[in-house]
Structure formats: structure tokens, C-alpha cells
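Trainee: One structure coming up, written as C-alpha cells, with questions to follow.
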Amino acid sequence: MATSLIGRQLALHLQKNLWLGAPGCRYVSKAAAKAEVEFDYDGPSMKTTVPGPRSQLFVLLLNFVFSQNVGAVNFFCNYEESRGNYLVDVDGNRMLDVYTQISSIPIGYNHPALLKLMTNPNNLSTFVNRPALGILPPENFPDKLTESLLSIAPSGMSRVQTMACGSCSNENAYKAMFIWYRNKERGQSGPSAEDISSCMVNQGPGCPDLSILSFTGAFHGRTLGCLATTHSKVIHKLDVPSFDWPIAPFPRLQYPLEEFSRENAQEEARCLEEVEDLIVKWRQKGKPVAGIVIEPIQAEGGDNHASADFFIRLRRIAAKHGCAFHVDEVQTGGGCTGKFWAHEHWGSDDPADIVSFSKKLLTGGYYHKEPYRIFNTWMGDPSKNLFLCEVLNVIRRENLLEEVARSGKALINGLYELQAQYPGLLSRARGQGTFCAIDVRDDATRDKILVKTRDKAAAPICDHELQKGFNTSSPLSV
């Protein structure tokens, strides 16, 4: 009974407090033309349980033709009918989407501004042709980078390297940190003959035994280098060779924060002390730490937060020991925390040496301060820069960061109310902007709440192998 009530209340709360519950308060982008004013639906509409019969049939069909295990498929979607903040499945169920394709949709489904962009004949060649940007970029590429990614560059960042996805963004950012570290060691000298010959057979000194320090609970991707710094799920890492790189503890804060300020400060100090100890230990092992990588909020690791003071002190430790400091904003960048970059909440003028991004920014890549020799076939995708330019126009025109901050306050206050109403079931409500989470007593209860919530027309999806609770990451256009 309690799980059913929580599911119903959570669905109603999400619809109400994200301005999506009634026609009178739904968010409709001013970018839409008059004929397109009904861009967003008035509300949810459920026709079957989820997954419905058509979704179940398609899962069976996919299982015959798709090499990947289809057990992770929740339901099949009708993207032609999905609009705004509502996702429609193949059974005709219309659900409020607070999952947004793993936090990757910035302004909702089928936004009129993006559809208009697709019909502009001046953009046709950009969509049809995908150039090898490292050697044959289009003439408008510098202007589009300046208009899009460089217009939102983090403090102190003057260069950007585009990539395709979050994993390849981080993987190449790691390479950039290693190259920076070795250039610093060599000084004015170039690579030696031994460096050049040894690297071709995967030996030192050309392939140095350097390391990246990461944190428990982290998720940075599933390529080999990223996987060595990912510590969220067994299934990602099992059977895959990895590197002997240091892993520091990420703070485990107690909630409510105001009641545990002393304990949390002690916990963060403990973790920072361990970071310094590991840097020294790995240097003594002959595997010096070239860089430290961290997420402003550990998303897949369970929505783990730390204070601004923790990150600022960690940045100082990196500088003290000559390590590059890499902030992974793949999940948190793009405005979902109420600021365009989650690290802006730290209030630092020099937050990082490298900031990686993807998901809500529609393209991948990383910001940095100096050029490095990073290369692949495409080096990103110019068509994604076109979309990002228009997304940024919508965000600015509609003051969507302010909307996220407002909606986020309503959302977190509602989660506080729910955990007060069900203290034996819900705890540790937390979040920034609409990037919020709450813990549930146990896995079985969590799963029941999620099913009930989804059947009431809200679509939170959690990683069942990982999280004790569930999180929300709605589009900015709430």
C-alpha cells in the first residue's frame, strides 16, 4: 500500500512541480511559431501498463536480431509522437520523461526550433556530409565553434576539442593529460631516440608508466582507459584487463546536511588526506599520478555529492603535486543543476585544467588550456554544433537556467516532504537544480515504487544494479 501511495504521489509531484501537470501551466517554448504552439502535450495519458504488449513483442523481435542482451530495454518508443517533456511509447502511453535518454536531451523532444533548423536549405550540406575535421574542416567551423562551445566555455578555458561521445571525450582527455605531464618532465627537450623506439613496442620510457587517480563510485566511460577510472558496476569491468591506477574514496555525506556539518567536514577531510597519500604512494611505486579525474556529482555511482570546499581543496592538492585536474561534466554539464556547468557552484575562478562534456551538449569533447596532439577520423560532428547553437539560443531566450533553478527548488522540496511522510522508506533527498535523487529502503521497495510511478505516467528509470534509489534529470524546458 505504501509503495502504491508513494508512486502516485511521486508522479503527481513531478507533474505538478515541473509545471507539466495541467494545460494552464505547461511550458511551451516561445521559439515555436503560432501554428506550432501545441508543441508540448497538456499532460500524460496511459493506455496500458508499461511495458505494453507491443513493446513486449518488439523486445522478442529484437532479441533475434540484436547481438546485445536486450534485458536492459524498458520499452520501445514512438519518437515521432513524443513532444516536449513527454515520451510516447509504441503502445500509445504518454509519460512525463524525467530520465531524458540518460540525461542527454536538453530542450525536450521534437523542439520546433530544432525542426526548423532541419528545414533550412543552408544547413543541408552540413547534415549530409561528415568531414574529417582534423584535416578537412568546413569553412564555417571556427565560427560555429565560437558561436556554440566557446560561448559557454568554463572559466579559464580558451580551447575546445570536439569528439563524438562521453567515453571518447574522457579517453582523449586522459591522453592529453599524459602528454602534458611528459612534456612538463622533458622541458625544452624533445622525445629521445629511446622514447621513439620503445613506444612502438608498448615499452617505457616511450610508453611511460603514468596513472590517473579516480574515485570510488565514479563513472567516466567504458573504453579501456575510462574503464580503469570507472568504479560503479561490476558488469562494466568484469573480464576486461585494466591498469594499476589509484582509487580514492569519494565522500559519503550524511543527510540532512545542516544536521551533520561537522561529520561531513571530517569525512571530506579524510578523503582528501587519502588522495594525498595515494599520490605519494604511486609516485614511490614508479607510477606517478599525471592527473586526477572527478565528477561534480557522481551520477551513475548513486548521485553522490560533495561540498564546494571539497572540490576546491582537491584542486589545490592536484596543483601542489603537479597533477592535471580533470572535471568530468559529461552528465552534469548543460544546465541541469541550475548553472550551465555544475562546477560553477564551487565559485572558483580556476576550477580545472580540463573539462569534458557530452550528452545535453549534443556533441562530445573537452575544454583545455593548451593544444595537444589528439586525432581521430571525425574529431566530432559539425551538424551537432548547429543543433547546439540553436539549443543555446533557446536556453538564453527562454531564461531556462532560471527555470531549472525554480523547478529544482520545487522538486527537492517535494522530495523532502515525501521522505518526511515516509521516513521508514525514503531518505537522503538531495540535488542541485532538477538533478535530484532520493534513496529507498531496499531494492525491492525501490522497484515497486518505480513501476507504480511509471504506471501513473511519470518515467523515472534507475540503474537496478547500482542505485538504492532513483534520480531525476528533466529537460531544461520544464
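We label chains A, B, ... in the order they appear in the C-alpha cells, count residues from 1 in each chain, and number ligands from 1 in the order shown.
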Check segment 134-379 of chain A with DSSP on the backbone and list each residue it calls strand (DSSP E or B), as an mmCIF file with C-alpha atoms, in the first residue's frame.
Mentor:
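To be explicit, this is the file written out as selection.cif:
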```cif
data_model
loop_
_atom_site.group_PDB
_atom_site.id
_atom_site.type_symbol
_atom_site.label_atom_id
_atom_site.label_comp_id
_atom_site.auth_asym_id
_atom_site.auth_seq_id
_atom_site.Cartn_x
_atom_site.Cartn_y
_atom_site.Cartn_z
ATOM 1 C CA ARG A 159 40.332 25.969 -26.377
ATOM 2 C CA VAL A 160 37.963 23.124 -27.160
ATOM 3 C CA GLN A 161 38.425 19.725 -28.780
ATOM 4 C CA THR A 162 35.266 18.138 -30.163
ATOM 5 C CA MET A 163 34.602 14.409 -30.014
ATOM 6 C CA SER A 211 48.466 6.850 -13.773
ATOM 7 C CA ILE A 212 45.163 8.673 -13.335
ATOM 8 C CA LEU A 213 43.643 8.961 -9.859
ATOM 9 C CA SER A 214 39.892 8.386 -9.711
ATOM 10 C CA PHE A 215 37.271 7.870 -7.001
ATOM 11 C CA ILE A 247 41.348 4.870 -6.406
ATOM 12 C CA ALA A 248 40.492 7.355 -3.653
ATOM 13 C CA VAL A 289 49.784 10.397 -10.952
ATOM 14 C CA ALA A 290 49.596 12.551 -14.079
ATOM 15 C CA GLY A 291 46.015 13.615 -13.471
ATOM 16 C CA ILE A 292 43.003 13.471 -11.167
ATOM 17 C CA VAL A 293 39.535 12.963 -12.659
ATOM 18 C CA ILE A 294 36.296 13.608 -10.794
ATOM 19 C CA GLN A 298 28.643 11.148 -9.164
ATOM 20 C CA ASN A 304 26.826 11.299 -4.605
ATOM 21 C CA ALA A 324 46.366 17.842 -14.046
ATOM 22 C CA PHE A 325 42.824 18.320 -12.718
ATOM 23 C CA HIS A 326 40.064 16.963 -14.957
ATOM 24 C CA VAL A 327 36.410 17.716 -14.185
ATOM 25 C CA ASP A 328 34.075 15.296 -15.970
ATOM 26 C CA ILE A 354 40.387 20.046 -18.437
ATOM 27 C CA VAL A 355 36.567 19.935 -18.515
ATOM 28 C CA SER A 356 34.924 17.174 -20.561
ATOM 29 C CA PHE A 357 31.337 17.231 -21.822
ATOM 30 C CA GLY A 364 31.305 15.345 -27.101
ATOM 31 C CA GLY A 365 34.628 16.935 -26.332
ATOM 32 C CA TYR A 366 36.712 18.675 -23.737
ATOM 33 C CA TYR A 367 37.928 22.157 -22.918
ATOM 34 C CA HIS A 368 41.599 22.685 -22.192
#
```
Trainee: One number please: atom CA of His111 of chain A to atom CA of Asn399 of chain A, in Å, one decimal.
Mentor: 16.1 Å
Trainee: Report as a list in words all protein, DNA and RNA residues lying within 6 Å of Val330 of chain A, evaluated on only C-alpha atoms, omitting residues in the same chain fewer than 3 positions from it.
Mentor: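 Answer for this query is Gly166, Gly333, Phe357 and Ser358 of chain A.
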Trainee: If I take atom CA of Glu300 of chain A and atom CA of Ser407 of chain A, how far is one from the other in Å, to one decimal?
Mentor: 22.3 Å
Trainee: Using only C-alpha atoms, which of the listed residues (A:Ser307, A:Gln284, A:Thr230, A:Asn63) sits closest to Ser261 of chain A?
Mentor: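 Closest candidate: A:Ser307.
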Trainee: Within 10 Å of segment 342-353 of chain A, counting only C-alpha atoms, which residues qualify if same-chain residues fewer than 6 places away don't, as a ChimeraX atom specification?
Mentor: /A:154-157,177,291,293,295-297,307-312,315-316,318-319,323-329,331-336,367-370,432-433
Trainee: Which one is closest to Glu171 of chain A: A:Val201, A:Ala228, A:Val90, A:Ile279? Count only C-alpha atoms.
Mentor: A:Ala228
Trainee: Return the single residue from A:Arg182, A:Asn376, A:Thr100, A:Pro112 that is closest to Lys359 of chain A, with distances computed using only C-alpha atoms.
Mentor: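 Of all the options, A:Thr100 lies closest to Lys359 of chain A.
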Trainee: Mind giving me the straight-line distance from atom CA of His321 of chain A to atom CA of Ala306 of chain A in Å, one decimal?
Mentor: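 Value for the atom CA of His321 of chain A-atom CA of Ala306 of chain A distance: 21.7 Å.
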Trainee: Using only C-alpha atoms, which protein or nucleic acid residues come within 7 Å of Pro44 of chain A? Drop anything in the same chain fewer than 3 positions from it, and give the result as a list in words.
Mentor: Arg94, Met95, Leu96 and Ala457 of chain A
Trainee: Filtering to N, CA and C atoms, could you give me those residues as a PDB file, in the first residue's frame?
Mentor:
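The resulting file, part_5.pdb, is reproduced below:
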```pdb
ATOM      1  N   ARG A  94       1.697   7.996 -22.952  1.00  0.00           N
ATOM      2  CA  ARG A  94       2.408   9.267 -22.941  1.00  0.00           C
ATOM      3  C   ARG A  94       2.859   9.556 -21.507  1.00  0.00           C
ATOM      4  N   MET A  95       4.181   9.599 -21.308  1.00  0.00           N
ATOM      5  CA  MET A  95       4.744   9.720 -19.961  1.00  0.00           C
ATOM      6  C   MET A  95       5.619  10.955 -19.822  1.00  0.00           C
ATOM      7  N   LEU A  96       5.554  11.579 -18.664  1.00  0.00           N
ATOM      8  CA  LEU A  96       6.485  12.648 -18.326  1.00  0.00           C
ATOM      9  C   LEU A  96       7.876  12.039 -18.207  1.00  0.00           C
ATOM     10  N   ALA A 457       2.237   7.495 -15.106  1.00  0.00           N
ATOM     11  CA  ALA A 457       2.581   8.391 -16.222  1.00  0.00           C
ATOM     12  C   ALA A 457       3.793   9.265 -15.991  1.00  0.00           C
TER      13      ALA A 457
END
```
Trainee: For Asp91 of chain A, please output as a tab-separated table (two decimals) with N, CA and C atoms, in the first residue's frame all residues within 12 Å (counting only C-alpha atoms; exclusion window: fewer than 5 positions along the same chain).
Mentor:
```
chain	number	residue	atom	x	y	z
A	45	SER	N	-0.91	10.51	-20.56
A	45	SER	CA	-2.04	9.67	-20.95
A	45	SER	C	-1.57	8.23	-21.00
A	46	MET	N	-2.17	7.38	-20.16
A	46	MET	CA	-1.75	5.99	-20.07
A	46	MET	C	-2.84	5.07	-20.61
A	47	LYS	N	-2.46	4.19	-21.52
A	47	LYS	CA	-3.41	3.26	-22.13
A	47	LYS	C	-3.18	1.82	-21.69
A	48	THR	N	-1.94	1.49	-21.31
A	48	THR	CA	-1.61	0.13	-20.86
A	48	THR	C	-0.64	0.23	-19.70
A	49	THR	N	-0.36	-0.89	-19.07
A	49	THR	CA	0.79	-0.94	-18.17
A	49	THR	C	2.05	-0.87	-19.03
A	50	VAL	N	3.17	-0.59	-18.38
A	50	VAL	CA	4.43	-0.43	-19.11
A	50	VAL	C	5.42	-1.48	-18.63
A	51	PRO	N	6.04	-2.26	-19.53
A	51	PRO	CA	5.88	-2.22	-20.98
A	51	PRO	C	4.56	-2.83	-21.44
A	52	GLY	N	4.00	-2.23	-22.48
A	52	GLY	CA	2.75	-2.72	-23.04
A	52	GLY	C	2.97	-3.89	-23.98
A	53	PRO	N	1.89	-4.43	-24.55
A	53	PRO	CA	2.02	-5.62	-25.40
A	53	PRO	C	2.89	-5.41	-26.64
A	54	ARG	N	2.81	-4.25	-27.27
A	54	ARG	CA	3.64	-4.02	-28.46
A	54	ARG	C	5.11	-3.94	-28.08
A	55	SER	N	5.42	-3.27	-26.98
A	55	SER	CA	6.81	-3.22	-26.52
A	55	SER	C	7.34	-4.61	-26.23
A	56	GLN	N	6.53	-5.42	-25.58
A	56	GLN	CA	6.97	-6.78	-25.27
A	56	GLN	C	7.22	-7.59	-26.54
A	57	LEU	N	6.38	-7.38	-27.56
A	57	LEU	CA	6.58	-8.07	-28.83
A	57	LEU	C	7.89	-7.62	-29.49
A	58	PHE	N	8.15	-6.32	-29.48
A	58	PHE	CA	9.36	-5.81	-30.11
A	58	PHE	C	10.62	-6.27	-29.38
A	75	PHE	N	11.20	-0.19	-22.62
A	75	PHE	CA	10.07	-0.23	-23.54
A	75	PHE	C	10.51	0.41	-24.85
A	76	PHE	N	9.74	0.19	-25.90
A	76	PHE	CA	10.03	0.80	-27.20
A	76	PHE	C	9.28	2.12	-27.33
A	77	CYS	N	9.90	3.07	-28.03
A	77	CYS	CA	9.38	4.43	-28.06
A	77	CYS	C	8.89	4.83	-29.45
A	78	ASN	N	7.94	5.73	-29.46
A	78	ASN	CA	7.45	6.37	-30.68
A	78	ASN	C	7.97	7.80	-30.66
A	81	GLU	N	5.87	10.79	-32.20
A	81	GLU	CA	4.78	11.35	-31.41
A	81	GLU	C	5.25	11.98	-30.10
```
Trainee: Calculated over only C-alpha atoms, which of the candidates A:Arg454, A:Val404, A:Gln68, A:Ala153 has the smallest distance to Asn93 of chain A?
Mentor: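 Using only C-alpha atoms, Asn93 of chain A sits closest to A:Arg454.
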Trainee: Output as a ChimeraX atom specification all residues of segment 263-401 of chain A that backbone DSSP marks as alpha helix (DSSP H).
Mentor: /A:263-284,308-320,382-397,400-401
Trainee: Once you have the residues from the selection above, write them out as a short mmCIF file (atom, residue, chain, number, x, y, z; two decimals), in the first residue's frame, restricted to N, CA and C atoms.
Mentor:
```cif
data_model
loop_
_atom_site.label_atom_id
_atom_site.label_comp_id
_atom_site.auth_asym_id
_atom_site.auth_seq_id
_atom_site.Cartn_x
_atom_site.Cartn_y
_atom_site.Cartn_z
N GLU A 263 30.35 16.17 10.94
CA GLU A 263 30.67 14.82 10.47
C GLU A 263 31.04 14.82 8.98
N ASN A 264 30.33 15.61 8.19
CA ASN A 264 30.62 15.65 6.76
C ASN A 264 31.95 16.33 6.47
N ALA A 265 32.27 17.36 7.24
CA ALA A 265 33.58 18.01 7.08
C ALA A 265 34.71 17.03 7.40
N GLN A 266 34.50 16.23 8.43
CA GLN A 266 35.51 15.22 8.79
C GLN A 266 35.63 14.16 7.70
N GLU A 267 34.51 13.76 7.13
CA GLU A 267 34.52 12.76 6.06
C GLU A 267 35.27 13.28 4.84
N GLU A 268 35.02 14.52 4.47
CA GLU A 268 35.71 15.09 3.31
C GLU A 268 37.20 15.24 3.58
N ALA A 269 37.54 15.63 4.79
CA ALA A 269 38.97 15.76 5.14
C ALA A 269 39.66 14.40 5.07
N ARG A 270 38.96 13.36 5.52
CA ARG A 270 39.53 12.00 5.45
C ARG A 270 39.81 11.61 4.01
N CYS A 271 38.86 11.89 3.12
CA CYS A 271 39.02 11.53 1.71
C CYS A 271 40.16 12.31 1.06
N LEU A 272 40.29 13.58 1.38
CA LEU A 272 41.36 14.40 0.82
C LEU A 272 42.73 13.93 1.32
N GLU A 273 42.79 13.54 2.57
CA GLU A 273 44.04 13.01 3.11
C GLU A 273 44.44 11.73 2.38
N GLU A 274 43.45 10.90 2.08
CA GLU A 274 43.73 9.66 1.35
C GLU A 274 44.21 9.96 -0.07
N VAL A 275 43.66 11.00 -0.69
CA VAL A 275 44.12 11.40 -2.02
C VAL A 275 45.61 11.71 -2.00
N GLU A 276 46.03 12.52 -1.04
CA GLU A 276 47.45 12.87 -0.95
C GLU A 276 48.31 11.65 -0.69
N ASP A 277 47.84 10.77 0.18
CA ASP A 277 48.61 9.56 0.48
C ASP A 277 48.77 8.69 -0.77
N LEU A 278 47.71 8.58 -1.56
CA LEU A 278 47.78 7.76 -2.77
C LEU A 278 48.72 8.37 -3.82
N ILE A 279 48.70 9.68 -3.95
CA ILE A 279 49.61 10.33 -4.90
C ILE A 279 51.06 10.03 -4.54
N VAL A 280 51.37 10.15 -3.25
CA VAL A 280 52.73 9.87 -2.78
C VAL A 280 53.07 8.39 -2.99
N LYS A 281 52.13 7.52 -2.63
CA LYS A 281 52.36 6.08 -2.74
C LYS A 281 52.61 5.66 -4.18
N TRP A 282 51.82 6.18 -5.13
CA TRP A 282 52.01 5.79 -6.53
C TRP A 282 53.29 6.39 -7.12
N ARG A 283 53.69 7.53 -6.63
CA ARG A 283 54.97 8.08 -7.07
C ARG A 283 56.10 7.18 -6.62
N GLN A 284 56.01 6.69 -5.40
CA GLN A 284 57.04 5.79 -4.87
C GLN A 284 57.03 4.45 -5.60
N ALA A 308 31.45 22.32 -2.06
CA ALA A 308 32.34 23.13 -2.89
C ALA A 308 33.74 23.18 -2.30
N ASP A 309 33.82 23.23 -0.98
CA ASP A 309 35.12 23.27 -0.32
C ASP A 309 35.94 22.03 -0.63
N PHE A 310 35.28 20.88 -0.70
CA PHE A 310 35.99 19.64 -1.02
C PHE A 310 36.66 19.73 -2.39
N PHE A 311 35.91 20.19 -3.38
CA PHE A 311 36.45 20.26 -4.74
C PHE A 311 37.56 21.31 -4.85
N ILE A 312 37.38 22.43 -4.18
CA ILE A 312 38.41 23.48 -4.23
C ILE A 312 39.70 22.98 -3.59
N ARG A 313 39.59 22.30 -2.48
CA ARG A 313 40.79 21.76 -1.82
C ARG A 313 41.42 20.65 -2.65
N LEU A 314 40.60 19.85 -3.32
CA LEU A 314 41.13 18.81 -4.20
C LEU A 314 41.90 19.43 -5.35
N ARG A 315 41.36 20.52 -5.89
CA ARG A 315 42.06 21.23 -6.97
C ARG A 315 43.43 21.70 -6.49
N ARG A 316 43.51 22.19 -5.28
CA ARG A 316 44.79 22.66 -4.73
C ARG A 316 45.77 21.50 -4.55
N ILE A 317 45.26 20.36 -4.12
CA ILE A 317 46.13 19.18 -3.96
C ILE A 317 46.71 18.78 -5.31
N ALA A 318 45.89 18.80 -6.35
CA ALA A 318 46.38 18.46 -7.69
C ALA A 318 47.50 19.40 -8.10
N ALA A 319 47.31 20.69 -7.89
CA ALA A 319 48.34 21.67 -8.25
C ALA A 319 49.60 21.47 -7.42
N LYS A 320 49.42 21.20 -6.15
CA LYS A 320 50.56 21.00 -5.25
C LYS A 320 51.45 19.86 -5.72
N PRO A 382 30.13 18.41 -37.17
CA PRO A 382 29.67 19.79 -37.31
C PRO A 382 28.16 19.95 -37.22
N SER A 383 27.39 18.93 -37.62
CA SER A 383 25.94 19.05 -37.55
C SER A 383 25.47 19.20 -36.10
N LYS A 384 26.19 18.57 -35.18
CA LYS A 384 25.83 18.71 -33.77
C LYS A 384 26.09 20.12 -33.26
N ASN A 385 27.11 20.78 -33.82
CA ASN A 385 27.36 22.17 -33.43
C ASN A 385 26.21 23.08 -33.87
N LEU A 386 25.63 22.78 -35.05
CA LEU A 386 24.46 23.55 -35.49
C LEU A 386 23.31 23.41 -34.51
N PHE A 387 23.02 22.17 -34.11
CA PHE A 387 21.96 21.94 -33.14
C PHE A 387 22.26 22.64 -31.81
N LEU A 388 23.51 22.53 -31.37
CA LEU A 388 23.87 23.14 -30.10
C LEU A 388 23.71 24.65 -30.14
N CYS A 389 24.08 25.28 -31.25
CA CYS A 389 23.89 26.73 -31.38
C CYS A 389 22.43 27.11 -31.14
N GLU A 390 21.52 26.33 -31.73
CA GLU A 390 20.10 26.65 -31.57
C GLU A 390 19.61 26.33 -30.17
N VAL A 391 20.10 25.25 -29.59
CA VAL A 391 19.75 24.93 -28.21
C VAL A 391 20.17 26.06 -27.28
N LEU A 392 21.37 26.58 -27.47
CA LEU A 392 21.85 27.69 -26.64
C LEU A 392 21.00 28.94 -26.84
N ASN A 393 20.56 29.18 -28.07
CA ASN A 393 19.67 30.31 -28.32
C ASN A 393 18.38 30.17 -27.53
N VAL A 394 17.82 28.96 -27.53
CA VAL A 394 16.58 28.72 -26.78
C VAL A 394 16.82 28.90 -25.28
N ILE A 395 17.91 28.35 -24.77
CA ILE A 395 18.22 28.47 -23.34
C ILE A 395 18.31 29.93 -22.93
N ARG A 396 18.99 30.74 -23.73
CA ARG A 396 19.16 32.16 -23.39
C ARG A 396 17.85 32.92 -23.56
N ARG A 397 17.17 32.66 -24.67
CA ARG A 397 15.94 33.39 -24.95
C ARG A 397 14.86 33.11 -23.91
N LEU A 400 16.18 29.60 -19.44
CA LEU A 400 15.90 28.25 -18.95
C LEU A 400 16.73 27.88 -17.73
N LEU A 401 17.91 28.48 -17.55
CA LEU A 401 18.66 28.17 -16.34
C LEU A 401 17.90 28.66 -15.11
#
```
Trainee: Rank nothing, just name the residue among A:Pro256, A:Gly338, A:Gly424, A:Gly43 nearest to Leu476 of chain A, using only C-alpha atoms.
Mentor: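 Closest to Leu476 of chain A, using only C-alpha atoms: A:Gly338.
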Trainee: Pick out the closest residue to Gly217 of chain A from this set: A:Leu60, A:Val234, A:Cys199, A:Leu150. Count only C-alpha atoms.
Mentor: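 Of A:Leu60, A:Val234, A:Cys199, A:Leu150, the one nearest Gly217 of chain A is A:Val234, counting only C-alpha atoms.
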